[in-house]
Each structure stands twice: as structure tokens, then as C-alpha cells.
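First up is the structure itself, then whatever we jot down about it.
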Amino acid sequence: KRQELINIDHVIEKKTVRITSYSYAGSGLCHMRCTEKGVDIGFLKGLLMQDNYGQLKGKTKRMRVLSMDTFLPEKIHYYLNQAIVLNKK
């Protein structure tokens, strides 16, 4: 899934010990992190995203998390494309 993110033009990756963040157009796009249950992707503007597959979880003001242990890998573009469009606004 990391490769999907870094292959998108103008996506910038920043790694720290616990989390890897991705930005696009000067704004936070998402983060990827390892948890005890596996890997998840947190979309920073996830509340504004459509979730036709019912995979986004979370109760914060804006962020929604996609758990990779229950996620359908072929649908990653559905969520990433929305996040990029939101960052262009």
C-alpha cells in the first residue's frame, strides 16, 4: 500500500519511528502506521469522504481510519483518490 501512495505524483512521504505521514499539495493526506492489530491508514479529511464500502472507522472531528486487516486491497484507489481531491480544494 505504501507503493500506491508514493507512486502518486507530488505525494511527499515523511517517516518517524511510529508513523509515516503523506502530504499532497502542501496539506496532510493520510498516515500509515503499524498497530497491535496490523496496519492502518488514517485519512486526515476522512469525515468528508464517501464510504461506499463501509470501511472507514473513527469518531474524531475529521480523521477516519482504514484498517488493512479487513480492507479490500483492490479498493485502495477509491479512498486515495477522494483524499487527493479533498486536498486540492
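In the C-alpha cells, each chain is lettered A, B, ... as it comes, each chain's residues begin at 1, and ligands are numbered from 1 in order of appearance.
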
For segment 2-16 of chain A, find every residue with an atom within 10 Å (counting only C-alpha atoms), except residues of its own chain fewer than 6 positions away, and show them as an MDAnalysis selection string. chainID A and resid 22:33 41 76:77 80:81 84

Same residues, C-alpha atoms, output as a compact mmCIF listing (two decimals), in the first residue's frame:
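Output saved as again-v7.txt:
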```
# COMPACT_ATOMS: atom_id res chain seq x y z
CA TYR A 22 1.91 11.54 3.45
CA SER A 23 1.09 15.00 2.18
CA TYR A 24 -0.21 16.28 -1.13
CA ALA A 25 -0.49 19.87 -2.37
CA GLY A 26 1.00 21.16 0.88
CA SER A 27 -1.62 19.53 3.09
CA GLY A 28 -1.77 16.31 5.09
CA LEU A 29 -3.23 13.48 3.04
CA CYS A 30 -3.02 10.46 5.32
CA HIS A 31 -0.76 8.48 7.62
CA MET A 32 0.17 4.83 7.75
CA ARG A 33 1.04 3.10 10.98
CA ILE A 41 -4.26 4.23 7.06
CA ILE A 76 -7.43 1.44 -2.25
CA HIS A 77 -7.72 3.85 -5.18
CA LEU A 80 -6.87 7.59 -2.07
CA ASN A 81 -8.46 9.43 -5.00
CA ILE A 84 -6.34 13.73 -3.09
```

Which of chain A fall in strand (DSSP E or B), as a compact mmCIF listing (two decimals) with N, CA and C atoms, in the first residue's frame:
```txt
# COMPACT_ATOMS: atom_id res chain seq x y z
N VAL A 11 3.12 13.42 -4.11
CA VAL A 11 2.92 12.95 -2.74
C VAL A 11 4.28 12.92 -2.06
N ILE A 12 4.34 13.51 -0.87
CA ILE A 12 5.58 13.58 -0.09
C ILE A 12 5.43 12.68 1.12
N GLU A 13 6.45 11.86 1.36
CA GLU A 13 6.45 10.91 2.47
C GLU A 13 7.38 11.41 3.56
N LYS A 14 6.92 11.32 4.82
CA LYS A 14 7.75 11.69 5.96
C LYS A 14 7.63 10.56 6.99
N LYS A 15 8.79 9.95 7.31
CA LYS A 15 8.81 8.83 8.24
C LYS A 15 9.30 9.27 9.62
N ILE A 19 5.16 6.39 12.92
CA ILE A 19 4.14 6.66 11.91
C ILE A 19 4.80 7.23 10.65
N THR A 20 4.22 6.95 9.51
CA THR A 20 4.66 7.54 8.26
C THR A 20 3.52 8.39 7.73
N SER A 21 3.81 9.66 7.47
CA SER A 21 2.79 10.60 7.00
C SER A 21 2.99 10.92 5.53
N TYR A 22 1.89 11.20 4.86
CA TYR A 22 1.91 11.54 3.45
C TYR A 22 1.16 12.85 3.26
N SER A 23 1.75 13.73 2.47
CA SER A 23 1.09 15.00 2.18
C SER A 23 0.98 15.18 0.67
N TYR A 24 0.04 16.01 0.28
CA TYR A 24 -0.21 16.28 -1.13
C TYR A 24 -0.69 17.71 -1.23
N SER A 27 -0.69 19.84 2.01
CA SER A 27 -1.62 19.53 3.09
C SER A 27 -1.54 18.05 3.41
N GLY A 28 -1.80 17.70 4.68
CA GLY A 28 -1.77 16.31 5.09
C GLY A 28 -2.80 15.47 4.35
N LEU A 29 -2.36 14.37 3.79
CA LEU A 29 -3.23 13.48 3.04
C LEU A 29 -3.69 12.31 3.92
N CYS A 30 -2.72 11.59 4.47
CA CYS A 30 -3.02 10.46 5.32
C CYS A 30 -1.76 10.05 6.07
N HIS A 31 -1.92 9.09 6.96
CA HIS A 31 -0.76 8.48 7.62
C HIS A 31 -0.92 6.97 7.57
N MET A 32 0.18 6.28 7.69
CA MET A 32 0.17 4.83 7.75
C MET A 32 0.94 4.44 9.00
N ARG A 33 0.36 3.51 9.76
CA ARG A 33 1.04 3.10 10.98
C ARG A 33 0.76 1.64 11.27
N CYS A 34 1.67 1.06 12.03
CA CYS A 34 1.51 -0.32 12.48
C CYS A 34 0.90 -0.29 13.88
N THR A 35 -0.06 -1.14 14.10
CA THR A 35 -0.69 -1.26 15.41
C THR A 35 -0.58 -2.72 15.85
N GLY A 38 -2.44 -4.74 13.31
CA GLY A 38 -2.00 -4.71 11.92
C GLY A 38 -1.69 -3.30 11.47
N VAL A 39 -1.84 -3.04 10.19
CA VAL A 39 -1.54 -1.74 9.60
C VAL A 39 -2.84 -0.99 9.34
N ASP A 40 -2.81 0.32 9.58
CA ASP A 40 -3.96 1.13 9.21
C ASP A 40 -3.53 2.40 8.49
N ILE A 41 -4.47 2.96 7.74
CA ILE A 41 -4.26 4.23 7.06
C ILE A 41 -5.28 5.20 7.62
N GLY A 42 -4.80 6.31 8.15
CA GLY A 42 -5.68 7.34 8.69
C GLY A 42 -5.79 8.49 7.70
N PHE A 43 -6.99 8.73 7.21
CA PHE A 43 -7.23 9.83 6.27
C PHE A 43 -7.57 11.08 7.07
N LEU A 56 -14.35 2.82 6.56
CA LEU A 56 -13.73 3.87 7.37
C LEU A 56 -14.29 3.85 8.78
N LYS A 57 -13.40 3.95 9.75
CA LYS A 57 -13.80 3.93 11.16
C LYS A 57 -13.24 5.17 11.85
N ARG A 64 -10.63 9.66 9.63
CA ARG A 64 -11.23 8.33 9.59
C ARG A 64 -10.13 7.35 9.21
N VAL A 65 -10.21 6.14 9.77
CA VAL A 65 -9.14 5.16 9.64
C VAL A 65 -9.62 3.95 8.84
N LEU A 66 -8.76 3.51 7.98
CA LEU A 66 -8.99 2.33 7.16
C LEU A 66 -8.06 1.23 7.66
N SER A 67 -8.64 0.19 8.25
CA SER A 67 -7.85 -0.92 8.78
C SER A 67 -7.51 -1.87 7.65
```

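Taking atom CA of Met68 of chain A as the reference point, atom CA of Leu48 of chain A is found at 20.1 Å.
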
So which residues touch segment 58-63 of chain A within 6 Å, counting only C-alpha atoms, skipping near sequence neighbours fewer than 3 positions away, as a ChimeraX atom specification? /A:43-47

Can you work out which one of A:Met49, A:Thr70, A:Val17, A:Lys37 has the shortest atom-to-atom distance to Gln82 of chain A, counting only C-alpha atoms?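 Residue with the minimum atom-to-atom distance to Gln82 of chain A: A:Met49.
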
List every residue of chain A that DSSP, applied to the backbone of this structure, places in alpha helix (DSSP H), and write the result as a list in words.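 For chain A, the alpha helix (DSSP H) set is Arg2, Gln3, Glu4, Leu5, Ile6, Ile76, His77, Tyr78, Tyr79, Leu80, Asn81, Gln82, Ala83, Ile84, Val85, Leu86, Asn87 and Lys88 of chain A.
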